>>> print(open('query24.cif').read())   # mmCIF, C-alpha atoms
data_upload
loop_
_atom_site.label_atom_id
_atom_site.label_comp_id
_atom_site.auth_asym_id
_atom_site.auth_seq_id
_atom_site.Cartn_x
_atom_site.Cartn_y
_atom_site.Cartn_z
CA MET A 70 -1.53 -0.09 -19.07
CA LYS A 71 -2.92 -1.10 -15.68
CA LYS A 72 0.01 -3.44 -15.05
CA PHE A 73 2.41 -0.59 -15.78
CA LEU A 74 0.57 2.12 -13.84
CA ILE A 75 -0.02 0.41 -10.49
CA PRO A 76 3.70 -0.25 -9.72
CA ILE A 77 4.58 3.32 -10.72
CA MET A 78 1.91 4.66 -8.35
CA THR A 79 3.11 2.38 -5.55
CA ILE A 80 6.68 3.57 -5.97
CA ALA A 81 5.56 7.21 -6.02
CA ILE A 82 3.67 6.85 -2.73
CA ALA A 83 6.57 4.93 -1.15
CA VAL A 84 8.93 7.76 -2.12
CA ALA A 85 6.52 10.35 -0.70
CA PHE A 86 6.24 8.48 2.60
CA TYR A 87 10.00 8.02 2.75
CA GLN A 88 10.56 11.74 2.20
CA GLN A 89 8.18 12.50 5.07
CA SER A 90 10.29 10.43 7.46
CA VAL A 91 13.63 12.03 6.52
CA PRO A 92 14.74 14.91 8.78
CA LYS A 93 15.51 17.16 5.79
CA LYS A 94 12.41 16.90 3.61
CA ASN A 95 12.54 17.71 -0.09
CA VAL A 96 9.16 19.25 -0.88
CA TYR A 97 9.64 19.04 -4.65
CA ILE A 98 10.05 15.26 -4.56
CA ILE A 99 6.96 14.91 -2.38
CA VAL A 100 4.89 17.08 -4.72
CA ILE A 101 6.08 15.18 -7.81
CA ALA A 102 5.25 11.85 -6.14
CA ILE A 103 1.75 13.04 -5.24
CA VAL A 104 1.17 14.37 -8.77
CA VAL A 105 2.25 11.02 -10.26
CA PHE A 106 -0.09 9.19 -7.89
CA MET A 107 -3.04 11.48 -8.63
CA PHE A 108 -2.47 11.21 -12.40
CA GLY A 109 -2.43 7.43 -12.08
CA MET A 110 -5.68 7.49 -10.12
CA LEU A 111 -7.23 9.73 -12.77
CA VAL A 112 -6.28 7.33 -15.55
CA LEU A 113 -7.45 4.25 -13.64
CA SER A 114 -10.75 5.77 -12.52
CA ALA A 115 -11.57 7.05 -16.01
CA LYS A 116 -12.33 3.47 -17.06
CA THR A 117 -14.79 2.91 -14.21
CA PRO A 118 -18.40 3.26 -15.35
CA SER A 119 -20.72 5.69 -13.61
CA LYS A 120 -23.41 4.45 -11.23
CA ASN A 121 -26.01 6.54 -13.05
CA GLN A 122 -25.12 5.31 -16.52
CA SER A 123 -27.92 2.72 -16.58
CA LYS A 124 -30.50 5.27 -15.35
CA LYS A 125 -29.63 7.67 -18.17
CA GLU A 126 -30.16 4.94 -20.74
CA GLU A 127 -33.58 4.03 -19.26
CA ASP A 128 -34.80 7.64 -19.30
CA VAL A 129 -34.13 8.01 -23.02
#
>>> encode(input="query24.cif", output="structure tokens")
Amino acid sequence: MKKFLIPIMTIAIAVAFYQQSVPKKNVYIIVIAIVVFMFGMLVLSAKTPSKNQSKKEEDV
């Protein structure tokens, strides 16, 4: 999943940056690219463990 998600996120941000440099900007494409990037970050960061996870286990 990670190998599939990172290129999609990279393409989405490249499209968003490209749309910012064009004289006639398409806001819908920019918003869609940002949403795709944020969804990808959400999925990737969901697998990262919390810093406080070990403290919670010690308190119990």
>>> residues_around(input="query24.cif", residues="segment 82-89 of chain A", least_positions_apart="5", cutoff="9 Å", atoms="only C-alpha atoms", output="count of residues only")
12
>>> closest_residue(input="query24.cif", among="A:Asn121, A:Pro76, A:Lys71, A:Ala81", to="Val104 of chain A", atoms="all atoms listed in the file")
A:Ala81
>>> residues_around(input="query24.cif", residues="segment 113-118 of chain A", least_positions_apart="2", cutoff="12 Å", atoms="all atoms listed in the file", output="list of chain:residue names")
A:Met70, A:Lys71, A:Lys72, A:Phe73, A:Leu74, A:Ile75, A:Met78, A:Phe106, A:Met107, A:Phe108, A:Gly109, A:Met110, A:Leu111, A:Lys120, A:Asn121, A:Gln122, A:Ser123
